[in-house]
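A.B. asks: The structure that follows is given in the form of structure tokens.
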Number of protein chains: 2
Amino acid sequence: MSTAARLQGIFSPVLTPFNADYTPDPVRFQRHCRWLLDQDVGLAIFGTNSEANSLGLAEKRRLLDSLLEAGLPAARMMPGTGCCALPETIELTKRAVQAGCGGVLMLPPFYYKGVSDEGLYRSFASVIDAVADERLRIYLYHIPPVSQVPITRGLIERLLKKYPGIVAGMKDSSGDWENTKAMLEEFQPQGFDVFAGSENFLLRNLRGGGAGCITATGNVNPGAIVQLFKTWKNQDADQQQANLDAVRAVFAKFPMIPAMKAAIAWKSGRGEWATVRPPLVELNGEQQQALRAALDQVGFVMPKADQLA
Amino acid sequence: MSTAARLQGIFSPVLTPFNADYTPDPVRFQRHCRWLLDQDVGLAIFGTNSEANSLGLAEKRRLLDSLLEAGLPAARMMPGTGCCALPETIELTKRAVQAGCGGVLMLPPFYYKGVSDEGLYRSFASVIDAVADERLRIYLYHIPPVSQVPITRGLIERLLKKYPGIVAGMKDSSGDWENTKAMLEEFQPQGFDVFAGSENFLLRNLRGGGAGCITATGNVNPGAIVQLFKTWKNQDADQQQANLDAVRAVFAKFPMIPAMKAAIAWKSGRGEWATVRPPLVELNGEQQQALRAALDQVGFVMPKADQLA
């Protein structure tokens with residue numbers, strides 16, 4: 001096992017900027033990544049909120065390469081590499097490890113439903129065996145509301161036993177605190193780092209010994225989320241959490257990805273940021289007005305325009 | 001609009017043979033395709049039961065090319081080309097059209113859930129516009145139990161209006177006859193060919209004016225299914241349907257893909273046919289025995305070994 005530092009803190013599934021023709025814009029992508037890093041937010045590129053599953057394998061490879069070529073630190077990256085097809089997951093994971101990425105966030109294969117833990121075990125094991133690199137750090141991505149394929153406790157137990165260290169942790173996007181709590185109690189003491197799937201559970205996760213959170217709204221509200229991570233033992237932690245929850249609740253009232261992109265488009269003055277790839281659809285005018293009003297109501301101030309990509 | 005013959009009859013999502021190391025075996029794949037064609041079963045390669053979503057884009061391209069190079073008739077192929085990512089769907093669809101495939105079976109992008117009809121419309125429209133070939137024939141693939149992303153009547157209506165002829169029909173794998181019936185009544189008269197998603201609805205679909213069925217069990221029971229398609233106006237049609245249902249029910253009691261592969265492995269004497277790619281798992285010994293016993297009980301005789309790949 002490597003002695004590289006374990007990943008912790010706040011990560012964000014980095015929004016992927018598209019041009020009007022739906023091609024990704026690597027330059028805006030780099031800028032947005034730098035802006036996140038400047039605020040101590042790590043780069044969980046190719047997450048659900050990155051529209052990563054609307055990107056082809058070749059596009060993901062090119063975007064990752066563009067960040068590396070631009071000199072962004074691989075150690076602060078946790079790319080999503082879990083695809084439906086084993087060879088694609090292996091290829092992307094290999095590339096990430098060879099580039100020195102701090103970890104990878106891995107969805108289970110998500111087309112076939114009702115698959116067994118044995119089948120999922122074989123999936124992850126096949127990737128680990130094929131990548132065959134001790135530097136690999138896998139964070140299992142549990143997001144049943146979207147993937148419809150859960151990562152069960154039995155599966156984690158079996159993977160941890162066979163691949164300790166390599167199976168490094170998880171992102172729990174179940175939205176179910178009881179599940180996160182169970183993971184913290186059972187697996188965190190074994191060095192399996194539990195990241196909450198949003199900042200809603202950040203304080204509870206840290207109090208339970210967890211590693212931080214990987215959260216979509218890190219794209220728009222990074223400062224305050226990082227602040228709670230850095231000061232969670234302070235007296236005002238519960239108040240900070242309540243403030244984070246209020247902002248999150250606004251974005252969560254809308255289709256989240258288009259809402260965050262709309263907010264970045266306003267504040268950056270770059271209208272192209274609003275573009276999402278089908279099957280997603282950008283906010284309409286009425287939704288945009290409602291979003292603005294709701295953000296005003298909770299006193300949310302977006303980071304300054306000149307700081308945004 | 002082209003005047004090429006419209007696809008009809010029985011198609012099968014062709015099982016994809018794997019080697020022990022999970023790589024696809026193009027030679028067994030060709031042989032199995034030929035065997036299906038010899039029995040008048042068309043080739044819906046890369047369907048759900050082909051484990052197509054466990055294949056990478058490059059693998060699908062190579063397998064399609066291998067069939068074409070082997071001289072199999074593209075006009076009898078309806079490859080599944082719908083991926084999560086637009087550029088991959090476009091690439092595979094383009095290749096299929098340029099090769100002269102009779103049609104393509106297109107899943108909607110299936111990672112993001114709860115997406116709008118507007119978003120799905122844009123997905124399909126983007127593919128059609130990018131492929132930009134009048135020979136394109138799209139069969140919409142409605143399989144909500146697996147994809148979790150339905151193809152609604154409103155979506156079909158809109159696509160048909162904009163792209164008549166190119167939007168050529170659908171496979172209805174909802175498992176809900178009422179849905180198939182509604183599609184037959186509303187869209188079949190407009191030249192939109194409705195294929196039932198299994199032979200369970202074959203007779204009803206034909207009586208309702210439908211085009212046939214696209215069915216997994218075409219891989220193991222092709223003769224009898226094709227027989228009903230050819231003689232559905234005969235007096236014994238209901239009895240034929242009942243016989244088909246009895247065989248289908250046996251395979252459906254087990255994980256269907258491993259069960260069909262196990263049956264082919266026994267009858268062909270090629271044990272490697274039993275291999276499935278993770279996240280699927282082959283039948284265990286007990287399941288295999290139960291499958292054999294249940295098939296015996298309904299008097300199912302698999303096609304002769306020497307006819308199988």
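All residue names refer to the structure tokens as shown: chains lettered A, B, ... in order, residues numbered from 1 in each chain, ligands numbered from 1 in order.
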For the helix (DSSP H, G or I) assignment from backbone DSSP, which residues of region 11-228 of chain A qualify? Please present them as a ChimeraX atom specification.
C.D. replies: /A:26-38,48-50,52-54,57-69,74-76,86-99,117-131,144-147,153-162,177-186,188-190,199-207,216-219,222-228
A.B. asks: Dump as JSON, numbers by chain the residues of chain A that approach chain B to within 7 Å, counting only C-alpha atoms.
C.D. replies: {"A": [53, 54, 55, 56, 84, 85, 86, 87, 88, 109, 111, 112, 113, 115, 119, 120, 122, 123, 146, 147, 278, 279, 280, 281]}
A.B. asks: Generate the output file for the selected residues, N, CA and C atoms, as a short mmCIF file (atom, residue, chain, number, x, y, z; two decimals), in the first residue's frame.
C.D. replies:
```
data_model
loop_
_atom_site.label_atom_id
_atom_site.label_comp_id
_atom_site.auth_asym_id
_atom_site.auth_seq_id
_atom_site.Cartn_x
_atom_site.Cartn_y
_atom_site.Cartn_z
N ASN A 53 -22.21 11.03 -17.73
CA ASN A 53 -22.76 9.90 -18.46
C ASN A 53 -23.42 10.33 -19.76
N SER A 54 -23.33 11.61 -20.05
CA SER A 54 -23.68 12.10 -21.39
C SER A 54 -22.43 12.37 -22.21
N LEU A 55 -21.27 12.03 -21.66
CA LEU A 55 -19.99 12.18 -22.38
C LEU A 55 -19.52 10.80 -22.83
N GLY A 56 -18.97 10.74 -24.02
CA GLY A 56 -18.39 9.50 -24.49
C GLY A 56 -17.02 9.27 -23.88
N CYS A 84 -20.79 1.62 -18.05
CA CYS A 84 -21.58 0.39 -18.14
C CYS A 84 -20.71 -0.80 -18.56
N ALA A 85 -19.72 -0.53 -19.39
CA ALA A 85 -18.94 -1.61 -20.01
C ALA A 85 -17.57 -1.71 -19.35
N LEU A 86 -17.24 -2.89 -18.89
CA LEU A 86 -15.98 -3.15 -18.21
C LEU A 86 -14.75 -2.57 -18.92
N PRO A 87 -14.57 -2.82 -20.23
CA PRO A 87 -13.33 -2.34 -20.85
C PRO A 87 -13.21 -0.82 -20.81
N GLU A 88 -14.34 -0.12 -20.83
CA GLU A 88 -14.28 1.33 -20.77
C GLU A 88 -13.92 1.80 -19.36
N PRO A 109 -21.66 -0.82 -12.92
CA PRO A 109 -22.33 -0.86 -14.23
C PRO A 109 -23.83 -0.69 -13.97
N TYR A 111 -26.67 -0.33 -16.34
CA TYR A 111 -27.81 -0.60 -17.22
C TYR A 111 -28.67 -1.74 -16.69
N TYR A 112 -28.05 -2.87 -16.41
CA TYR A 112 -28.81 -4.03 -15.96
C TYR A 112 -29.22 -3.81 -14.50
N LYS A 113 -30.49 -4.09 -14.21
CA LYS A 113 -31.03 -3.85 -12.88
C LYS A 113 -31.22 -5.20 -12.16
N VAL A 115 -29.16 -6.80 -10.42
CA VAL A 115 -27.99 -7.69 -10.50
C VAL A 115 -27.53 -8.07 -9.09
N GLY A 119 -22.21 -10.47 -8.97
CA GLY A 119 -21.92 -9.85 -10.27
C GLY A 119 -21.22 -8.51 -10.12
N LEU A 120 -21.65 -7.72 -9.12
CA LEU A 120 -20.99 -6.43 -8.90
C LEU A 120 -19.59 -6.62 -8.36
N ARG A 122 -17.64 -9.08 -9.06
CA ARG A 122 -16.81 -9.43 -10.22
C ARG A 122 -16.48 -8.21 -11.07
N SER A 123 -17.43 -7.29 -11.18
CA SER A 123 -17.18 -6.07 -11.95
C SER A 123 -16.02 -5.29 -11.36
N VAL A 146 -30.39 7.32 -8.83
CA VAL A 146 -30.08 7.52 -10.24
C VAL A 146 -29.61 6.22 -10.89
N SER A 147 -28.59 5.61 -10.32
CA SER A 147 -28.04 4.40 -10.94
C SER A 147 -29.00 3.24 -10.84
N PRO A 278 -28.50 17.19 -24.08
CA PRO A 278 -29.64 16.29 -23.96
C PRO A 278 -29.18 14.96 -23.35
N PRO A 279 -30.02 14.33 -22.54
CA PRO A 279 -31.45 14.55 -22.34
C PRO A 279 -31.80 15.63 -21.33
N LEU A 280 -30.84 16.40 -20.84
CA LEU A 280 -31.20 17.48 -19.93
C LEU A 280 -31.63 18.69 -20.74
N VAL A 281 -32.32 19.58 -20.06
CA VAL A 281 -32.86 20.78 -20.70
C VAL A 281 -32.54 21.97 -19.79
#
```
A.B. asks: Near Gln240 (chain B), counting only C-alpha atoms, which residues have an atom at most 8 Å away, once you skip same-chain residues fewer than 4 positions from it, shown as a PDB file with C-alpha atoms, in the first residue's frame?
C.D. replies:
```pdb
ATOM      1  CA  ALA B 224     -41.568 -22.164 -33.364  1.00  0.00           C
ATOM      2  CA  LEU B 228     -46.393 -18.551 -35.629  1.00  0.00           C
ATOM      3  CA  ASP B 236     -53.988 -23.444 -34.514  1.00  0.00           C
ATOM      4  CA  LEU B 244     -44.517 -20.403 -27.111  1.00  0.00           C
TER       5      LEU B 244
END
```
A.B. asks: CA of Phe254 (chain A) and CA of Arg34 (chain A), how far apart in Å?
C.D. replies: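 These two atoms are separated by 26.5 Å.
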A.B. asks: For the strand (DSSP E) assignment from backbone DSSP, which residues of region 98-273 of chain A qualify? Please present them as a VMD selection string.
C.D. replies: chain A and resid 104 to 106 138 to 142 167 to 172 193 to 196 212 to 214
A.B. asks: Which neighbours of Met256 (chain B) fall inside 12 Å, counting only C-alpha atoms, when residues of the same chain fewer than 3 positions from it are skipped, and could you give them as a PyMOL selection string?
C.D. replies: (chain A and resi 112+115) or (chain B and resi 15+48-51+215-217+219-220+248-253+259-263+274+276+280-283+287+291)
